[in-house]
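Asks: Supplied in structure tokens, the structure appears directly below.
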Amino acid sequence: MKAIIAEDEPNQREELVRLLHEHWPELKVAAVCEDGLAALEALNEFKPQVAFLDIRMPGASGIEVARAASGKVHVVFVTAYDEYAVAAFEAGAADYLLKPVTSQRLVQAIERLHARVTTTAPTDLTRLMEALALQMRAQESRGLKWVTASIGDTVKMFPIDDVIFFQAQDKYVRVVTAGDEAVIRTPLKELIKQLDGEVFWQIHRSLIVRASAIDRVQKDALGHYHARLKGCAEVLPVSAAYQARFRSM
Amino acid sequence: MKTASPAVHPALDQPLPADVIVGMTWGPFRYRKYPVFSLPWLRWRTAFAAVVIGLYGALAALAQVGANETWPAALISLGYFITGFLLMATIGPALATWVRHRRWAARAESWSIILAVVLGFIGGAAADSWSSEGIRVSLHMKEVPEHEQKISDLDQAKIAIFGLLGGFLYFAVGGGLASLAYFSERRRLRARAAHLAQLDSDMRLAVLQAQVEPHFLFNTLASIRPLIRQDAAQAEAALDALADHLRATIPQMREQSRTVVSTLGQQLDICTSYLKVMQVRMGARLQQEISVPDELRALAFPPLMLLSLVENAIKHGVEPKPGPGRICLQAEVLATQLLVRVIDDGVGLKDGLSSGIGLANVREQLDVRYGSEAWLKVAASREGGTVAEIMVPLRTPTA
């Protein structure tokens, strides 16, 4: 049986190799990877049956590696503390080991692996991992505080609380605050995923606006809707698809 | 024992923090930059009063000469006028300034200042009647005996109005307005101290969260654990570094560290123990370099900001980047400022949204502590990583 190990911290990597050697001598560790990218390559190269994956790694996260390995490899997450790994375990998709890894718990995981490797094919993790990757990103964005825009080699940082709206323009997105503005390269589609949907509303294909900054929405003679803002003279179009939100206002 | 709280006792020889100053401070109003009833305040306020009174008196003297008064008489009366008015305007404030420089406890200071200003009113009234008498004699005006004064109802109303105006003038010029300003300044200083304390505890909480964050703590334990078997000495050193790191930051949560002066040296030591822990975890992947001249270590530097920057550089710069990473701490003195720099060659800043954990707090703290005299700058470094710089005014700790 072949396995790969992916863990970015050297001491932990060596320790896991040692523990596996001690408790599962017949397992052949085909590759010991320092980051997610190396793990992805090792998956292709060695076609292991088992993968021990740290979740937070440079390059690609353990979740992303697991997604690539889905249906081909039995995954065991090795993690400091991650509800993702536990969720995957509860869904019957993958086992997990909590750091620091103890012999006792490792032996238990090895027994489970033995049973699964011989009887069942590796679970299809694609869906679950996609959901977990989304969750992970949502959790990261919960702490969002800044919009970072580079101008030349300096970086301008706006507190997210100052932003009135984001507007897509060609390849760029305009970020407008009460007294300032800048352009960023993150597409609007990406932004909307990371922003709090209660605070920022999409009102147009190319516009995301802070809901509390909308002063009023008016209909013009042609039946088009426009939003007037507090603290900003610009008048923004509201497209038909997004008007429903204002009907009750 | 009572310690001097900066909320009640700001430095009396320096301008107030920018966010405590109210009103205009240009030209003649520059006294408002200083704490009310401090020596520089008294000096500039007296100069201001002298100029106003001098100009007014000079015009009055010219008018008297125009009304066939002799020059010497007009000048003597001008002298009386200026001296009397200046005494009236400064006796109370000067006494109050003497009081404030004694740095008594808050309550004692308030009552003594009120007393000083009231004494000032009495002294001012005496000075006023002395100078009025002097002016009357020098201009050969006749004193009208009281029983010969005929006072009509209209005159009585006029006297009442002038009395009221005069009373208000006495109050305003003699230190009444200054006392009001003194109490409002104290309120603003207290509000500022409360705000600073809030920011301070926010920052401590953020740092503490970073340490007890399971990812940090369990990864550290998992990295140290195998060392116990392989290399006991290194395991010991690693545990010591972890303990140092935790101790360096946790105890400050409890003690009111605002009374403890924080130096650049202490802040560097806190970063060093953190970097030692990260070195154990990341091994050869992490390269670090601290180049801070020893003589800068004694300079004052606000607590935990540097650690926030270093944590950010590791967590958002070096750690997420595959392969080796480098972090570099530098400090230098530029004229009257201390510049501290944290450079990494990590993944760098990406356009878009980011969660600069401590950055918002660092920026706000700098703003409250130093106003426009300090800043935090975050930029892309030439090597593709990030440079974070904090500039603070050069100060040696005053304990």
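Just remember, in the structure tokens the first chain shown is A, the second B, etc., residues are 1-based per chain, and ligands are 1-based in the order shown.
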For a quick test of understanding: name the residues of chain A lying within 6 Å of chain B when counting only C-alpha atoms, and present them as a list in words.

Replies: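 Selected residues: Glu9, Asn11, Gln12, Glu15, Pro58, Gly59, Ala80, Tyr81, Lys99, Pro100, Gly143, Leu144, Lys145, Trp146, Val147, Thr148, Ala149, Asp153, Thr154, Val155, Ile184 and Thr186 of chain A.
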
Asks: I'd like the neighbourhood of Gly223 (chain A) as a PDB file with N, CA, C and O atoms, in the first residue's frame, where a residue qualifies if any of its atoms comes within 12 Å (using only C-alpha atoms), though same-chain residues fewer than 5 positions away should be ignored.

Replies:
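Output file part.pdb is given in full below:
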```
ATOM      1  N   VAL A 217     -34.389  55.450  -3.577  1.00  0.00           N
ATOM      2  CA  VAL A 217     -34.388  54.927  -4.935  1.00  0.00           C
ATOM      3  C   VAL A 217     -35.554  55.570  -5.667  1.00  0.00           C
ATOM      4  O   VAL A 217     -36.676  55.568  -5.179  1.00  0.00           O
ATOM      5  N   GLN A 218     -35.271  56.167  -6.830  1.00  0.00           N
ATOM      6  CA  GLN A 218     -36.310  56.891  -7.561  1.00  0.00           C
ATOM      7  C   GLN A 218     -36.504  56.309  -8.956  1.00  0.00           C
ATOM      8  O   GLN A 218     -35.574  55.786  -9.553  1.00  0.00           O
ATOM      9  N   PRO A 237     -27.441  53.506 -11.261  1.00  0.00           N
ATOM     10  CA  PRO A 237     -28.588  52.798 -11.835  1.00  0.00           C
ATOM     11  C   PRO A 237     -28.910  51.521 -11.042  1.00  0.00           C
ATOM     12  O   PRO A 237     -28.011  50.869 -10.529  1.00  0.00           O
ATOM     13  N   VAL A 238     -30.197  51.231 -10.921  1.00  0.00           N
ATOM     14  CA  VAL A 238     -30.619  49.979 -10.298  1.00  0.00           C
ATOM     15  C   VAL A 238     -31.286  49.164 -11.404  1.00  0.00           C
ATOM     16  O   VAL A 238     -32.272  49.612 -11.984  1.00  0.00           O
ATOM     17  N   SER A 239     -30.741  48.000 -11.724  1.00  0.00           N
ATOM     18  CA  SER A 239     -31.325  47.268 -12.840  1.00  0.00           C
ATOM     19  C   SER A 239     -32.517  46.435 -12.374  1.00  0.00           C
ATOM     20  O   SER A 239     -32.661  46.126 -11.192  1.00  0.00           O
ATOM     21  N   ALA A 240     -33.366  46.104 -13.342  1.00  0.00           N
ATOM     22  CA  ALA A 240     -34.645  45.459 -13.050  1.00  0.00           C
ATOM     23  C   ALA A 240     -34.473  44.220 -12.182  1.00  0.00           C
ATOM     24  O   ALA A 240     -35.240  43.987 -11.247  1.00  0.00           O
ATOM     25  N   GLN A 243     -34.321  45.060  -8.461  1.00  0.00           N
ATOM     26  CA  GLN A 243     -35.241  46.036  -7.873  1.00  0.00           C
ATOM     27  C   GLN A 243     -36.087  45.465  -6.747  1.00  0.00           C
ATOM     28  O   GLN A 243     -36.535  46.186  -5.868  1.00  0.00           O
TER      29      GLN A 243
END
```

Asks: Show which residues sit within 8 Å of region 117-127 of chain A, as number ranges by chain. Count only C-alpha atoms, and ignore same-chain residues fewer than 6 positions away.

Replies: A: 49, 66-68, 70-74, 93-94

Asks: Taking 4 positions as the minimum chain separation for residues in the same chain, which residues sit within 8 Å of region 30-38 of chain B when counting only C-alpha atoms? Answer as a VMD selection string.

Replies: chain B and resid 10 12 to 16 21 to 26 42 to 45 93 to 94 96 to 98 100 to 101 178 to 179 181 to 182 185

Asks: As number ranges by chain, list the residues of region 20-256 of chain B assigned to alpha helix (DSSP H) by DSSP on the backbone atoms of this structure.

Replies: B: 39-66, 71-101, 106-138, 153-171, 177-212, 214-230, 232-254

Asks: Determine, counting only C-alpha atoms, which protein, DNA and RNA residues have an atom within 10 Å of an atom of Trp24 (chain A); residues of the same chain fewer than 3 positions away are not included. Present the result as a list of chain:residue names.

Replies: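 In the requested form, the answer reads A:Arg18, A:Leu19, A:Leu20, A:His21, A:Leu27, A:Lys28, A:Leu106, A:Val107, A:Ile110, A:Glu111.
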
Asks: Could you tell me how far CA of Ile160 (chain A) sits from CA of Val342 (chain B), in Å to one decimal place?

Replies: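 Interatomic distance here is 23.9 Å.
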
Asks: Hey, what does DSSP flag as strand (DSSP E or B) within region 71-213 of chain A? Can you give it to me as a PyMOL selection string?

Replies: chain A and resi 74-79+95-98+146-151+154-159+163-169+172-177+181-184+200-204+207-210

Asks: Those same residues - N, CA and C atoms - I'd like them written as a tab-separated table (two decimals), in the first residue's frame.

Replies:
```
chain	number	residue	atom	x	y	z
A	74	HIS	N	-7.95	7.47	-0.27
A	74	HIS	CA	-8.56	7.60	1.06
A	74	HIS	C	-7.83	8.72	1.80
A	75	VAL	N	-8.59	9.74	2.21
A	75	VAL	CA	-7.95	10.92	2.80
A	75	VAL	C	-8.04	10.89	4.33
A	76	VAL	N	-6.93	11.21	4.97
A	76	VAL	CA	-6.92	11.45	6.41
A	76	VAL	C	-6.40	12.87	6.62
A	77	PHE	N	-7.25	13.73	7.20
A	77	PHE	CA	-6.79	15.09	7.49
A	77	PHE	C	-6.01	15.09	8.80
A	78	VAL	N	-4.90	15.82	8.80
A	78	VAL	CA	-4.11	16.00	10.02
A	78	VAL	C	-4.19	17.49	10.33
A	79	THR	N	-4.83	17.82	11.43
A	79	THR	CA	-5.14	19.23	11.61
A	79	THR	C	-5.06	19.68	13.06
A	95	ASP	N	-11.16	10.47	7.40
A	95	ASP	CA	-10.81	10.44	8.82
A	95	ASP	C	-9.99	11.69	9.13
A	96	TYR	N	-9.82	11.94	10.42
A	96	TYR	CA	-8.96	13.07	10.76
A	96	TYR	C	-8.15	12.77	12.01
A	97	LEU	N	-6.95	13.37	12.09
A	97	LEU	CA	-6.09	13.25	13.26
A	97	LEU	C	-5.87	14.65	13.82
A	98	LEU	N	-6.02	14.79	15.13
A	98	LEU	CA	-5.77	16.10	15.73
A	98	LEU	C	-4.32	16.21	16.17
A	146	TRP	N	-10.26	45.45	5.42
A	146	TRP	CA	-9.59	46.40	4.54
A	146	TRP	C	-9.84	46.10	3.08
A	147	VAL	N	-9.85	47.18	2.32
A	147	VAL	CA	-9.75	47.03	0.88
A	147	VAL	C	-8.35	47.48	0.52
A	148	THR	N	-7.60	46.62	-0.13
A	148	THR	CA	-6.23	46.94	-0.46
A	148	THR	C	-6.14	47.27	-1.95
A	149	ALA	N	-5.67	48.45	-2.26
A	149	ALA	CA	-5.54	48.84	-3.66
A	149	ALA	C	-4.13	49.34	-3.88
A	150	SER	N	-3.43	48.76	-4.86
A	150	SER	CA	-2.07	49.23	-5.08
A	150	SER	C	-2.05	50.32	-6.13
A	151	ILE	N	-1.29	51.36	-5.80
A	151	ILE	CA	-1.13	52.47	-6.73
A	151	ILE	C	0.37	52.62	-6.90
A	154	THR	N	3.06	51.65	-3.94
A	154	THR	CA	2.52	51.81	-2.60
A	154	THR	C	1.11	51.22	-2.57
A	155	VAL	N	0.68	50.96	-1.38
A	155	VAL	CA	-0.60	50.30	-1.23
A	155	VAL	C	-1.52	51.17	-0.40
A	156	LYS	N	-2.68	51.40	-0.92
A	156	LYS	CA	-3.67	52.20	-0.21
A	156	LYS	C	-4.58	51.22	0.50
A	157	MET	N	-4.91	51.50	1.73
A	157	MET	CA	-5.81	50.61	2.43
A	157	MET	C	-7.01	51.39	2.95
A	158	PHE	N	-8.18	50.99	2.52
A	158	PHE	CA	-9.40	51.60	3.04
A	158	PHE	C	-10.01	50.65	4.05
A	159	PRO	N	-10.46	51.16	5.19
A	159	PRO	CA	-11.28	50.30	6.05
A	159	PRO	C	-12.55	49.94	5.27
A	163	VAL	N	-16.22	52.10	2.72
A	163	VAL	CA	-16.57	51.94	1.31
A	163	VAL	C	-18.06	52.17	1.09
A	164	ILE	N	-18.40	53.02	0.10
A	164	ILE	CA	-19.80	53.28	-0.22
A	164	ILE	C	-20.25	52.34	-1.34
A	165	PHE	N	-19.46	52.23	-2.41
A	165	PHE	CA	-19.83	51.24	-3.42
A	165	PHE	C	-18.63	50.73	-4.23
A	166	PHE	N	-18.83	49.58	-4.87
A	166	PHE	CA	-17.87	49.00	-5.80
A	166	PHE	C	-18.50	49.04	-7.18
A	167	GLN	N	-17.74	49.47	-8.18
A	167	GLN	CA	-18.30	49.55	-9.52
A	167	GLN	C	-17.34	48.91	-10.55
A	168	ALA	N	-17.86	47.93	-11.28
A	168	ALA	CA	-17.03	47.27	-12.28
A	168	ALA	C	-16.86	48.19	-13.48
A	169	GLN	N	-15.60	48.33	-13.92
A	169	GLN	CA	-15.31	49.13	-15.12
A	169	GLN	C	-14.26	48.41	-15.91
A	172	TYR	N	-11.29	46.48	-14.37
A	172	TYR	CA	-11.05	46.90	-13.00
A	172	TYR	C	-12.34	47.10	-12.22
A	173	VAL	N	-12.17	47.26	-10.92
A	173	VAL	CA	-13.32	47.60	-10.08
A	173	VAL	C	-12.97	48.88	-9.33
A	174	ARG	N	-13.86	49.85	-9.44
A	174	ARG	CA	-13.68	51.12	-8.72
A	174	ARG	C	-14.17	50.95	-7.30
A	175	VAL	N	-13.40	51.39	-6.33
A	175	VAL	CA	-13.82	51.37	-4.94
A	175	VAL	C	-14.00	52.82	-4.52
A	176	VAL	N	-15.21	53.19	-4.08
A	176	VAL	CA	-15.48	54.59	-3.76
A	176	VAL	C	-15.83	54.74	-2.29
A	177	THR	N	-15.11	55.66	-1.61
A	177	THR	CA	-15.45	56.01	-0.24
A	177	THR	C	-15.92	57.46	-0.25
A	181	GLU	N	-11.14	57.41	-3.73
A	181	GLU	CA	-11.44	56.22	-4.51
A	181	GLU	C	-10.18	55.61	-5.08
A	182	ALA	N	-10.27	54.34	-5.49
A	182	ALA	CA	-9.13	53.64	-6.06
A	182	ALA	C	-9.67	52.52	-6.92
A	183	VAL	N	-8.77	51.88	-7.68
A	183	VAL	CA	-9.22	50.73	-8.47
A	183	VAL	C	-8.51	49.47	-7.99
A	184	ILE	N	-9.23	48.36	-8.01
A	184	ILE	CA	-8.64	47.08	-7.67
A	184	ILE	C	-8.89	46.11	-8.82
A	200	PHE	N	-23.64	44.74	2.10
A	200	PHE	CA	-23.47	45.20	0.72
A	200	PHE	C	-24.48	44.51	-0.20
A	201	TRP	N	-25.20	45.31	-0.98
A	201	TRP	CA	-26.19	44.76	-1.89
A	201	TRP	C	-25.75	44.98	-3.33
A	202	GLN	N	-25.99	43.97	-4.15
A	202	GLN	CA	-25.78	44.17	-5.57
A	202	GLN	C	-27.04	44.82	-6.13
A	203	ILE	N	-26.88	45.94	-6.83
A	203	ILE	CA	-28.06	46.61	-7.38
A	203	ILE	C	-28.01	46.64	-8.90
A	204	HIS	N	-26.93	46.14	-9.47
A	204	HIS	CA	-26.75	46.21	-10.91
A	204	HIS	C	-25.66	45.20	-11.23
A	207	LEU	N	-22.55	46.84	-10.11
A	207	LEU	CA	-22.53	47.67	-8.89
A	207	LEU	C	-22.87	46.90	-7.62
A	208	ILE	N	-22.01	47.09	-6.60
A	208	ILE	CA	-22.32	46.60	-5.27
A	208	ILE	C	-22.31	47.81	-4.34
A	209	VAL	N	-23.39	48.02	-3.61
A	209	VAL	CA	-23.53	49.23	-2.82
A	209	VAL	C	-23.76	48.90	-1.35
A	210	ARG	N	-23.18	49.73	-0.48
A	210	ARG	CA	-23.47	49.59	0.94
A	210	ARG	C	-24.94	49.96	1.17
```

Asks: Which residue is closest to Ile63 (chain A)? Choose from A:Glu26, A:Asp35, A:Asp162, A:Glu130 and count only C-alpha atoms.

Replies: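 The shortest atom-to-atom distance to Ile63 (chain A) comes from A:Glu130.
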
Asks: As a VMD selection string, please: the residues near Thr90 (chain B) (cut-off 8 Å, only C-alpha atoms, same-chain neighbours under 6 positions excluded).

Replies: chain B and resid 46 120 174 to 175

Asks: Mind writing the picked residues with N, CA, C and O atoms as a short mmCIF file (atom, residue, chain, number, x, y, z; two decimals), in the first residue's frame?

Replies:
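The result, written out as out34.cif:
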```
data_model
loop_
_atom_site.label_atom_id
_atom_site.label_comp_id
_atom_site.auth_asym_id
_atom_site.auth_seq_id
_atom_site.Cartn_x
_atom_site.Cartn_y
_atom_site.Cartn_z
N THR B 46 -1.12 86.06 28.14
CA THR B 46 -0.81 87.39 28.64
C THR B 46 -0.32 88.29 27.50
O THR B 46 -0.71 89.46 27.40
N GLY B 120 -8.53 85.90 42.21
CA GLY B 120 -8.14 86.73 41.08
C GLY B 120 -9.17 87.83 40.80
O GLY B 120 -8.81 88.97 40.52
N GLY B 174 -11.11 87.81 33.55
CA GLY B 174 -10.38 87.54 34.79
C GLY B 174 -10.12 86.07 35.05
O GLY B 174 -9.60 85.72 36.10
N GLY B 175 -10.51 85.18 34.15
CA GLY B 175 -10.18 83.76 34.36
C GLY B 175 -11.41 82.86 34.38
O GLY B 175 -11.28 81.65 34.47
#
```

Asks: Do you have the CA of Ala116 (chain B)-CA of Tyr80 (chain B) distance handy?

Replies: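 According to the coordinates, CA of Ala116 (chain B) and CA of Tyr80 (chain B) are separated by 24.1 Å.
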